[in-house]
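> Sending over upload.cif (mmCIF, C-alpha atoms).
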```
data_query
#
loop_
_atom_site.label_atom_id
_atom_site.label_comp_id
_atom_site.auth_asym_id
_atom_site.auth_seq_id
_atom_site.Cartn_x
_atom_site.Cartn_y
_atom_site.Cartn_z
CA MET A 1 48.15 -48.53 21.57
CA ARG A 2 46.24 -47.02 24.48
CA VAL A 3 42.94 -48.69 25.36
CA GLY A 4 40.48 -47.21 27.83
CA THR A 5 36.84 -47.53 28.81
CA PHE A 6 33.97 -45.22 27.87
CA VAL A 7 31.57 -44.80 30.80
CA LEU A 8 28.09 -43.59 29.88
CA ALA A 9 26.49 -44.43 33.24
CA ALA A 10 23.69 -45.97 31.20
CA GLN A 11 20.48 -46.66 33.11
CA PHE A 12 19.01 -49.92 31.82
CA PRO A 13 15.29 -50.71 32.19
CA GLY A 14 14.43 -51.72 35.74
CA GLN A 15 17.57 -50.22 37.27
CA GLY A 16 17.82 -47.37 39.75
CA GLN A 17 20.07 -44.39 39.23
CA GLY A 18 22.19 -45.13 42.30
CA GLU A 19 22.77 -48.66 41.05
CA THR A 20 23.73 -47.28 37.65
CA LEU A 21 26.26 -44.83 39.07
CA HIS A 22 27.76 -47.51 41.33
CA ARG A 23 28.37 -49.68 38.26
CA ALA A 24 29.97 -46.73 36.48
CA VAL A 25 32.37 -46.03 39.35
CA ARG A 26 33.20 -49.67 39.89
CA SER A 27 33.93 -50.24 36.20
CA ALA A 28 36.45 -47.39 36.32
CA GLU A 29 38.19 -48.83 39.37
CA VAL A 30 38.40 -52.25 37.68
CA ALA A 31 39.82 -50.58 34.56
CA GLU A 32 42.80 -49.39 36.56
CA GLU A 33 43.18 -52.79 38.26
CA SER A 34 43.14 -54.44 34.82
CA GLY A 35 45.92 -52.31 33.34
CA LEU A 36 43.84 -50.17 30.99
CA ASP A 37 45.11 -46.75 30.00
CA SER A 38 42.16 -44.47 30.64
CA VAL A 39 38.54 -43.91 31.60
CA TRP A 40 36.34 -41.53 29.60
CA LEU A 41 33.16 -40.14 31.19
CA ALA A 42 30.02 -39.00 29.39
CA GLU A 43 27.67 -36.26 30.54
CA HIS A 44 23.90 -36.02 30.04
CA HIS A 45 20.96 -34.21 31.63
CA PHE A 46 17.42 -35.35 32.38
CA VAL A 47 17.61 -38.67 30.47
CA PRO A 48 18.30 -42.32 31.43
CA TYR A 49 20.60 -42.65 28.41
CA GLY A 50 23.27 -41.52 30.87
CA VAL A 51 22.67 -40.42 34.46
CA CYS A 52 25.97 -38.59 35.08
CA PRO A 53 25.13 -34.86 34.83
CA SER A 54 28.70 -33.66 35.43
CA ALA A 55 31.60 -35.52 33.88
CA VAL A 56 34.06 -33.20 35.63
CA THR A 57 32.61 -34.02 39.06
CA LEU A 58 32.72 -37.76 38.43
CA ALA A 59 36.27 -37.37 37.09
CA ALA A 60 37.29 -35.72 40.36
CA LEU A 61 35.92 -38.68 42.31
CA LEU A 62 37.69 -41.22 40.13
CA LEU A 63 40.99 -39.36 40.14
CA GLY A 64 40.83 -39.49 43.93
CA ARG A 65 40.13 -43.22 43.92
CA THR A 66 42.85 -44.17 41.43
CA LYS A 67 46.61 -43.78 41.25
CA ARG A 68 47.72 -44.39 37.67
CA ILE A 69 44.91 -44.34 35.13
CA ARG A 70 44.08 -41.27 33.06
CA VAL A 71 40.56 -39.86 33.46
CA GLY A 72 38.87 -37.75 30.80
CA THR A 73 35.50 -36.23 30.00
CA ALA A 74 33.81 -37.46 26.83
CA VAL A 75 32.50 -34.91 26.84
CA THR A 76 31.76 -31.86 28.90
CA VAL A 77 29.09 -29.90 27.00
CA LEU A 78 30.41 -26.37 26.47
CA PRO A 79 27.17 -24.56 25.52
CA THR A 80 25.73 -25.27 28.98
CA ALA A 81 28.94 -24.46 30.91
CA HIS A 82 30.81 -21.24 31.58
CA PRO A 83 34.28 -21.64 30.01
CA VAL A 84 36.03 -19.91 32.92
CA ALA A 85 34.36 -22.06 35.57
CA LEU A 86 35.21 -25.14 33.52
CA GLY A 87 38.77 -23.95 33.04
CA GLU A 88 39.18 -23.47 36.79
CA GLN A 89 37.89 -27.00 37.43
CA ALA A 90 40.15 -28.48 34.76
CA ALA A 91 43.20 -26.71 36.17
CA LEU A 92 42.35 -27.92 39.66
CA LEU A 93 42.07 -31.55 38.53
CA HIS A 94 45.22 -31.26 36.41
CA LEU A 95 47.26 -29.99 39.34
CA THR A 96 45.91 -32.27 42.05
CA SER A 97 46.04 -35.44 39.95
CA GLY A 98 49.60 -34.97 38.73
CA GLY A 99 48.50 -34.37 35.14
CA ARG A 100 46.15 -37.35 34.76
CA PHE A 101 43.11 -35.36 33.64
CA THR A 102 41.93 -34.81 30.05
CA LEU A 103 39.19 -32.31 29.27
CA GLY A 104 37.02 -33.41 26.37
CA VAL A 105 34.51 -30.83 25.16
CA GLY A 106 31.71 -30.80 22.62
CA ARG A 107 28.63 -28.93 21.39
CA GLY A 108 26.12 -31.42 22.69
CA GLY A 109 22.69 -31.22 21.08
CA PRO A 110 19.69 -28.87 20.73
CA TRP A 111 18.21 -30.25 23.92
CA VAL A 112 16.05 -28.71 26.63
CA ASP A 113 19.27 -28.41 28.67
CA LEU A 114 19.85 -25.11 26.86
CA GLU A 115 16.60 -23.77 28.29
CA VAL A 116 17.10 -25.10 31.81
CA PHE A 117 20.63 -23.69 32.16
CA GLY A 118 19.72 -20.41 30.49
CA SER A 119 22.30 -20.52 27.71
CA GLY A 120 19.78 -20.64 24.87
CA LEU A 121 19.80 -22.19 21.43
CA ARG A 122 22.24 -19.63 20.03
CA ALA A 123 24.97 -20.91 22.37
CA TYR A 124 24.60 -24.31 20.70
CA GLU A 125 24.24 -23.12 17.12
CA GLU A 126 26.81 -20.30 17.05
CA GLY A 127 28.63 -19.97 20.38
CA PHE A 128 30.89 -23.02 20.52
CA PRO A 129 34.01 -21.40 18.94
CA GLU A 130 33.90 -18.44 21.33
CA SER A 131 33.48 -20.71 24.35
CA LEU A 132 36.30 -23.00 23.22
CA ASP A 133 38.72 -20.13 22.61
CA LEU A 134 37.97 -18.55 25.98
CA LEU A 135 38.53 -21.93 27.66
CA LEU A 136 41.87 -22.39 25.89
CA ARG A 137 43.01 -18.90 26.82
CA TRP A 138 42.14 -19.59 30.45
CA LEU A 139 44.26 -22.74 30.44
CA ARG A 140 47.24 -21.11 28.70
CA GLU A 141 47.51 -17.49 29.88
CA PRO A 142 48.20 -15.91 33.30
CA ARG A 143 45.47 -13.27 32.98
CA VAL A 144 42.32 -13.33 30.86
CA ALA A 145 39.60 -10.87 29.86
CA GLY A 146 36.31 -11.72 28.17
CA LEU A 147 36.30 -10.02 24.79
CA GLY A 148 33.61 -11.95 22.92
CA GLU A 149 29.96 -11.54 22.07
CA ARG A 150 28.66 -13.87 24.78
CA PHE A 151 31.35 -13.51 27.46
CA THR A 152 32.51 -10.00 28.32
CA PHE A 153 34.39 -9.24 31.54
CA ARG A 154 37.38 -7.31 32.84
CA GLU A 155 40.82 -8.93 32.97
CA VAL A 156 41.28 -11.24 35.94
CA PRO A 157 44.15 -13.48 37.10
CA VAL A 158 44.02 -17.21 36.42
CA VAL A 159 44.00 -19.05 39.76
CA PRO A 160 45.14 -21.78 39.99
CA ARG A 161 47.56 -21.71 37.09
CA PRO A 162 47.75 -25.13 35.34
CA ASP A 163 51.47 -24.71 34.62
CA GLU A 164 52.19 -24.69 38.37
CA ILE A 165 52.00 -28.51 38.37
CA LEU A 166 54.62 -30.13 40.57
CA ASP A 167 57.22 -32.38 38.90
CA GLY A 168 55.67 -31.71 35.51
CA GLY A 169 57.39 -31.67 32.16
CA PRO A 170 56.87 -29.44 29.11
CA ASP A 171 53.78 -31.42 28.10
CA ASP A 172 52.14 -30.72 31.47
CA ALA A 173 51.81 -26.95 31.11
CA CYS A 174 48.04 -27.32 30.83
CA PRO A 175 45.48 -30.12 30.78
CA GLU A 176 45.03 -31.98 27.53
CA VAL A 177 41.95 -30.75 25.65
CA ILE A 178 40.16 -32.78 22.99
CA VAL A 179 37.09 -31.95 20.88
CA ALA A 180 34.22 -34.24 19.96
CA CYS A 181 33.86 -34.02 16.18
CA THR A 182 30.84 -35.14 14.17
CA SER A 183 31.06 -32.97 11.04
CA PRO A 184 33.66 -31.37 8.74
CA LYS A 185 32.96 -28.04 10.44
CA SER A 186 33.90 -29.37 13.88
CA VAL A 187 36.93 -31.18 12.44
CA LYS A 188 38.20 -27.93 10.94
CA LEU A 189 37.56 -26.10 14.22
CA ALA A 190 39.65 -28.63 16.16
CA ALA A 191 42.39 -28.74 13.53
CA ASP A 192 42.74 -24.97 13.39
CA ARG A 193 43.46 -24.99 17.14
CA GLY A 194 45.65 -28.10 16.99
CA LEU A 195 43.34 -30.06 19.28
CA PRO A 196 42.89 -33.83 18.88
CA MET A 197 39.47 -35.27 18.08
CA LEU A 198 37.12 -37.67 19.83
CA LEU A 199 35.26 -39.63 17.12
CA GLY A 200 31.96 -41.31 17.90
CA MET A 201 31.13 -44.99 18.14
CA HIS A 202 28.54 -44.74 15.35
CA CYS A 203 31.33 -44.13 12.80
CA GLY A 204 33.14 -46.88 10.91
CA ASP A 205 36.84 -46.97 10.07
CA GLU A 206 36.41 -45.41 6.64
CA GLU A 207 34.58 -42.37 7.98
CA LYS A 208 37.06 -41.95 10.82
CA ALA A 209 39.98 -42.20 8.41
CA GLU A 210 38.43 -39.44 6.28
CA MET A 211 38.00 -37.22 9.32
CA VAL A 212 41.60 -37.77 10.41
CA ALA A 213 42.82 -36.97 6.90
CA LEU A 214 40.75 -33.77 6.86
CA TRP A 215 42.07 -32.81 10.30
CA ARG A 216 45.65 -33.27 9.12
CA ARG A 217 45.14 -31.13 6.02
CA GLU A 218 43.46 -28.36 8.00
CA ALA A 219 46.04 -28.49 10.80
CA ARG A 220 48.89 -28.14 8.32
CA ALA A 221 47.08 -25.26 6.62
CA ALA A 222 46.72 -23.57 10.02
CA GLY A 223 50.49 -23.67 10.45
CA HIS A 224 50.88 -26.49 12.95
CA THR A 225 54.16 -28.38 12.79
CA ALA A 226 54.52 -31.70 11.03
CA GLU A 227 55.36 -33.33 14.36
CA LYS A 228 52.23 -31.97 16.03
CA VAL A 229 50.09 -33.15 13.14
CA ALA A 230 51.66 -36.61 13.10
CA THR A 231 51.44 -37.19 16.86
CA ALA A 232 47.94 -35.83 17.55
CA GLY A 233 46.26 -38.14 20.05
CA HIS A 234 42.86 -38.65 18.44
CA VAL A 235 40.48 -40.97 20.30
CA SER A 236 38.13 -43.51 18.74
CA ALA A 237 34.99 -44.37 20.72
CA GLY A 238 33.54 -47.84 20.39
CA VAL A 239 31.94 -50.81 22.13
CA ALA A 240 33.76 -53.82 23.58
CA GLN A 241 32.18 -57.08 24.70
CA ILE A 242 34.48 -60.05 25.22
CA ALA A 243 33.26 -63.66 25.19
CA ASP A 244 34.50 -67.10 24.20
CA ARG A 245 32.41 -66.95 21.04
CA ARG A 246 31.46 -63.98 18.88
CA ALA A 247 27.78 -64.98 18.85
CA GLU A 248 27.76 -65.04 22.64
CA ALA A 249 29.19 -61.52 22.88
CA ALA A 250 26.73 -60.14 20.33
CA GLU A 251 23.81 -61.91 22.02
CA THR A 252 24.69 -60.29 25.34
CA LEU A 253 24.46 -56.83 23.81
CA LEU A 254 21.38 -57.54 21.71
CA LYS A 255 19.53 -58.68 24.83
CA SER A 256 20.28 -55.56 26.83
CA MET A 257 21.27 -52.54 24.75
CA PRO A 258 18.09 -52.01 22.65
CA GLY A 259 15.96 -51.54 25.78
CA TRP A 260 18.41 -49.00 27.17
CA LEU A 261 18.76 -47.21 23.84
CA LYS A 262 15.01 -46.95 23.31
CA GLN A 263 14.17 -45.48 26.69
CA GLY A 264 17.29 -43.34 26.74
CA LEU A 265 17.00 -41.83 23.29
CA ASP A 266 13.23 -41.41 23.50
CA ALA A 267 13.68 -39.25 26.60
CA HIS A 268 15.65 -36.53 24.75
CA VAL A 269 13.56 -33.36 24.31
CA THR A 270 14.57 -30.60 21.88
CA VAL A 271 14.53 -27.03 23.12
CA ASP A 272 12.62 -25.72 20.09
CA GLY A 273 10.40 -28.68 19.20
CA ARG A 274 12.41 -29.61 16.10
CA HIS A 275 11.94 -33.12 14.69
CA ARG A 276 14.43 -35.74 15.81
CA ALA A 277 15.28 -38.73 13.62
CA MET A 278 15.67 -41.66 16.01
CA ARG A 279 17.82 -44.71 15.36
CA ASP A 280 16.21 -48.12 15.49
CA PRO A 281 17.62 -49.58 18.75
CA VAL A 282 18.08 -53.15 17.47
CA ALA A 283 19.61 -52.08 14.16
CA TYR A 284 21.94 -49.67 15.95
CA THR A 285 23.09 -52.39 18.36
CA GLU A 286 23.74 -54.70 15.42
CA LEU A 287 25.72 -51.94 13.73
CA LEU A 288 27.88 -51.43 16.82
CA CYS A 289 28.51 -55.18 17.11
CA GLY A 290 29.72 -55.21 13.53
CA LEU A 291 31.99 -52.17 13.82
CA HIS A 292 33.72 -52.76 17.12
CA PRO A 293 35.58 -55.36 19.24
CA VAL A 294 32.60 -57.56 20.08
CA GLY A 295 33.61 -61.21 20.20
CA THR A 296 36.56 -63.33 21.22
CA PRO A 297 39.76 -61.77 22.58
CA ARG A 298 41.49 -62.51 19.27
CA LEU A 299 38.74 -60.86 17.25
CA ALA A 300 38.73 -57.85 19.58
CA ALA A 301 42.47 -57.38 19.27
CA ASP A 302 42.33 -57.75 15.50
CA ARG A 303 39.55 -55.17 15.19
CA LEU A 304 41.37 -52.63 17.34
CA ALA A 305 44.58 -53.17 15.38
CA ALA A 306 42.71 -52.86 12.07
CA THR A 307 41.03 -49.62 13.13
CA SER A 308 44.36 -48.21 14.20
CA GLU A 309 46.01 -49.18 10.92
CA ARG A 310 43.20 -47.78 8.77
CA THR A 311 42.74 -44.52 10.65
CA GLY A 312 46.06 -43.78 12.34
CA ILE A 313 44.26 -43.58 15.69
CA THR A 314 45.99 -45.28 18.63
CA ARG A 315 43.71 -44.31 21.53
CA PHE A 316 40.40 -46.03 22.21
CA ALA A 317 37.46 -45.35 24.53
CA LEU A 318 35.36 -48.52 24.68
CA LEU A 319 31.87 -48.86 26.15
CA VAL A 320 32.09 -51.90 28.44
CA GLU A 321 28.76 -51.68 30.30
CA GLY A 322 26.61 -52.91 27.41
CA SER A 323 25.38 -55.92 29.38
CA GLY A 324 23.82 -53.61 31.97
CA ASP A 325 25.01 -55.94 34.75
CA LEU A 326 27.67 -55.05 37.31
CA ALA A 327 29.31 -58.47 37.56
CA ALA A 328 29.29 -58.95 33.79
CA THR A 329 30.74 -55.47 33.28
CA GLU A 330 33.58 -56.17 35.70
CA GLU A 331 34.33 -59.46 33.96
CA ASN A 332 34.27 -57.72 30.59
CA VAL A 333 36.80 -55.12 31.74
CA ARG A 334 39.07 -57.73 33.29
CA ARG A 335 39.06 -59.84 30.12
CA LEU A 336 39.81 -56.76 28.06
CA GLY A 337 42.87 -56.12 30.20
CA ALA A 338 44.06 -59.69 30.68
CA GLU A 339 43.30 -61.24 27.28
CA VAL A 340 43.10 -58.45 24.68
CA LEU A 341 45.77 -55.95 25.74
CA PRO A 342 48.66 -58.49 25.61
CA MET A 343 47.86 -59.12 21.93
CA LEU A 344 48.23 -55.43 21.16
CA SER A 345 51.62 -54.86 22.77
#
```
Could you quickly redo this structure as structure tokens?


Amino acid sequence: MRVGTFVLAAQFPGQGQGETLHRAVRSAEVAEESGLDSVWLAEHHFVPYGVCPSAVTLAALLLGRTKRIRVGTAVTVLPTAHPVALGEQAALLHLTSGGRFTLGVGRGGPWVDLEVFGSGLRAYEEGFPESLDLLLRWLREPRVAGLGERFTFREVPVVPRPDEILDGGPDDACPEVIVACTSPKSVKLAADRGLPMLLGMHCGDEEKAEMVALWRREARAAGHTAEKVATAGHVSAGVAQIADRRAEAAETLLKSMPGWLKQGLDAHVTVDGRHRAMRDPVAYTELLCGLHPVGTPRLAADRLAATSERTGITRFALLVEGSGDLAATEENVRRLGAEVLPMLS
């Protein structure tokens, strides 16, 4: 089982953005020190829900500060990025980090980001498959031309080539790419291309198991090998808060997360004025505490093992900054590594 942290760079009420980003970076460094497998970085624009606007940029910083741990984006929003520019950045990080970079991509939401970056609502509603396929071609082929509706350009060479990685094996020909999936449509899209899924922290085990089962059926129908289907490295996002008592862990999150969730989610603005159904911050925090490893080390290990058994997922991206406090976040990460991981080996 491979356990990593999920870094949202969440700005809690009363905190500055520099303070928030320092906590995000420090939590990633402590994750490596504590023996965790990976760090996954979120990306948001114009909202305190998360103050990292470029997961790829933060990944570059963390890859330079670490030696062993894998660093991934969770996710880079494709409708507001040019697939070729993103592909160049991913290849660069893949080569210079010795293959430690994972590129997670997703559709994002119908936010004002689409207006600010000039991509428009259609890029969100219809353009994701074209962007994804162009990105994959850039990472896999020596020369690429834009042949789609949104991206049209003459054939150009791919520089740098991801398969030029030094001391790499057959699995290092290009960076790993995963897709955030929230609906059957996105599951089928990922499965057709043989790409593993990132499943959100709002989902329970039953829903994740159904999505994995659908992915497997669609991947087999698309002609992917039984081995590829069986070994797909899907990632389950969740929340982790370790304490000596379950009530103590839940209390920590219930004191801090609703304030962050309310100001963060309220700040999202749709590009076309459409209505947004907002989650109740307290109820959502309670839901997360019930679904994920929030409690004693034993409870945390049991919940991770149970999720893995029910869903077949063996990779986890766990939000560890739910307290909103730097020292508490560091302690949480260290306890996850020292007290929970040994129970999972």

> Restricting the calculation to only C-alpha atoms: of A:Gly273, A:Pro293, A:Gly64, A:Gly324, which residue gets closest to Thr20 in chain A?

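Counting only C-alpha atoms, the residue closest to Thr20 in chain A is A:Gly324.
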
> Padding 8 Å on every side, please: axis-aligned box over the listed atoms of range 245-256 of chain A, centre and edge lengths to one decimal in Å, as JSON.


```
{"center_x": 26.0, "center_y": -61.3, "center_z": 22.8, "size_x": 28.9, "size_y": 27.4, "size_z": 24.0}
```

> Identify all residues satisfying the PyMOL selection byres ((chain A and resi 88) around 10) in the given file; provide them as a list in words.

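In the shown coordinates, the PyMOL selection byres ((chain A and resi 88) around 10) covers Pro83, Val84, Ala85, Leu86, Gly87, Gln89, Ala90, Ala91, Leu92, Leu93, His94, Leu135, Trp138, Leu139, Val158, Val159, Pro160, Arg161 and Pro162 of chain A.
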
> Pick out the residues sitting within 12 Å of Leu341 in chain A, and hand them over as a ChimeraX atom specification; count all atoms listed in the file, and ignore anything fewer than 5 positions along from it in its own chain.

/A:1-4,31,34-37,297-298,300-302,304-305,316,333-336

> Considering only C-alpha atoms, can you say which of A:Leu318, A:Gly204, A:Lys262, A:Ser308 comes closest to Ala240 in chain A?

A:Leu318

> Report as a PyMOL selection string the residues that result from applying the PyMOL selection byres ((chain A and resi 25) around 10) to the structure here.

chain A and resi 7+9+20-24+26-31+58-59+61-62+65

> Would you kindly place N, CA, C and O atoms on range 7-22 of chain A and return the model as a PDB file, keeping the file's coordinate frame?


```
ATOM      1  N   VAL A   7      32.601 -44.610  29.782  1.00  0.00           N
ATOM      2  CA  VAL A   7      31.570 -44.800  30.800  1.00  0.00           C
ATOM      3  C   VAL A   7      30.413 -43.843  30.544  1.00  0.00           C
ATOM      4  O   VAL A   7      30.546 -42.625  30.732  1.00  0.00           O
ATOM      5  N   LEU A   8      29.279 -44.399  30.114  1.00  0.00           N
ATOM      6  CA  LEU A   8      28.090 -43.590  29.880  1.00  0.00           C
ATOM      7  C   LEU A   8      27.199 -43.477  31.112  1.00  0.00           C
ATOM      8  O   LEU A   8      26.319 -42.629  31.156  1.00  0.00           O
ATOM      9  N   ALA A   9      27.408 -44.334  32.107  1.00  0.00           N
ATOM     10  CA  ALA A   9      26.490 -44.430  33.240  1.00  0.00           C
ATOM     11  C   ALA A   9      25.074 -44.648  32.723  1.00  0.00           C
ATOM     12  O   ALA A   9      24.128 -43.938  33.064  1.00  0.00           O
ATOM     13  N   ALA A  10      24.951 -45.666  31.872  1.00  0.00           N
ATOM     14  CA  ALA A  10      23.690 -45.970  31.200  1.00  0.00           C
ATOM     15  C   ALA A  10      22.714 -46.634  32.161  1.00  0.00           C
ATOM     16  O   ALA A  10      23.053 -47.635  32.798  1.00  0.00           O
ATOM     17  N   GLN A  11      21.508 -46.085  32.244  1.00  0.00           N
ATOM     18  CA  GLN A  11      20.480 -46.660  33.110  1.00  0.00           C
ATOM     19  C   GLN A  11      19.617 -47.622  32.283  1.00  0.00           C
ATOM     20  O   GLN A  11      18.839 -47.203  31.426  1.00  0.00           O
ATOM     21  N   PHE A  12      19.761 -48.903  32.540  1.00  0.00           N
ATOM     22  CA  PHE A  12      19.010 -49.920  31.820  1.00  0.00           C
ATOM     23  C   PHE A  12      17.622 -50.073  32.438  1.00  0.00           C
ATOM     24  O   PHE A  12      17.419 -49.759  33.615  1.00  0.00           O
ATOM     25  N   PRO A  13      16.653 -50.549  31.662  1.00  0.00           N
ATOM     26  CA  PRO A  13      15.290 -50.710  32.190  1.00  0.00           C
ATOM     27  C   PRO A  13      15.268 -51.527  33.477  1.00  0.00           C
ATOM     28  O   PRO A  13      15.932 -52.563  33.582  1.00  0.00           O
ATOM     29  N   GLY A  14      14.546 -51.027  34.467  1.00  0.00           N
ATOM     30  CA  GLY A  14      14.430 -51.720  35.740  1.00  0.00           C
ATOM     31  C   GLY A  14      15.494 -51.372  36.758  1.00  0.00           C
ATOM     32  O   GLY A  14      15.431 -51.821  37.903  1.00  0.00           O
ATOM     33  N   GLN A  15      16.480 -50.577  36.354  1.00  0.00           N
ATOM     34  CA  GLN A  15      17.570 -50.220  37.270  1.00  0.00           C
ATOM     35  C   GLN A  15      17.341 -48.844  37.875  1.00  0.00           C
ATOM     36  O   GLN A  15      16.761 -47.958  37.251  1.00  0.00           O
ATOM     37  N   GLY A  16      17.850 -48.665  39.102  1.00  0.00           N
ATOM     38  CA  GLY A  16      17.820 -47.370  39.750  1.00  0.00           C
ATOM     39  C   GLY A  16      19.043 -46.549  39.367  1.00  0.00           C
ATOM     40  O   GLY A  16      20.043 -47.074  38.875  1.00  0.00           O
ATOM     41  N   GLN A  17      18.969 -45.258  39.619  1.00  0.00           N
ATOM     42  CA  GLN A  17      20.070 -44.390  39.230  1.00  0.00           C
ATOM     43  C   GLN A  17      21.289 -44.571  40.133  1.00  0.00           C
ATOM     44  O   GLN A  17      22.433 -44.492  39.667  1.00  0.00           O
ATOM     45  N   GLY A  18      21.060 -44.853  41.420  1.00  0.00           N
ATOM     46  CA  GLY A  18      22.190 -45.130  42.300  1.00  0.00           C
ATOM     47  C   GLY A  18      22.923 -46.387  41.883  1.00  0.00           C
ATOM     48  O   GLY A  18      24.167 -46.434  41.893  1.00  0.00           O
ATOM     49  N   GLU A  19      22.178 -47.410  41.537  1.00  0.00           N
ATOM     50  CA  GLU A  19      22.770 -48.660  41.050  1.00  0.00           C
ATOM     51  C   GLU A  19      23.586 -48.412  39.786  1.00  0.00           C
ATOM     52  O   GLU A  19      24.698 -48.946  39.622  1.00  0.00           O
ATOM     53  N   THR A  20      23.052 -47.600  38.910  1.00  0.00           N
ATOM     54  CA  THR A  20      23.730 -47.280  37.650  1.00  0.00           C
ATOM     55  C   THR A  20      25.054 -46.569  37.905  1.00  0.00           C
ATOM     56  O   THR A  20      26.088 -46.901  37.312  1.00  0.00           O
ATOM     57  N   LEU A  21      25.042 -45.582  38.784  1.00  0.00           N
ATOM     58  CA  LEU A  21      26.260 -44.830  39.070  1.00  0.00           C
ATOM     59  C   LEU A  21      27.290 -45.686  39.801  1.00  0.00           C
ATOM     60  O   LEU A  21      28.502 -45.537  39.589  1.00  0.00           O
ATOM     61  N   HIS A  22      26.830 -46.591  40.665  1.00  0.00           N
ATOM     62  CA  HIS A  22      27.760 -47.510  41.330  1.00  0.00           C
ATOM     63  C   HIS A  22      28.470 -48.374  40.304  1.00  0.00           C
ATOM     64  O   HIS A  22      29.688 -48.590  40.402  1.00  0.00           O
TER      65      HIS A  22
END
```
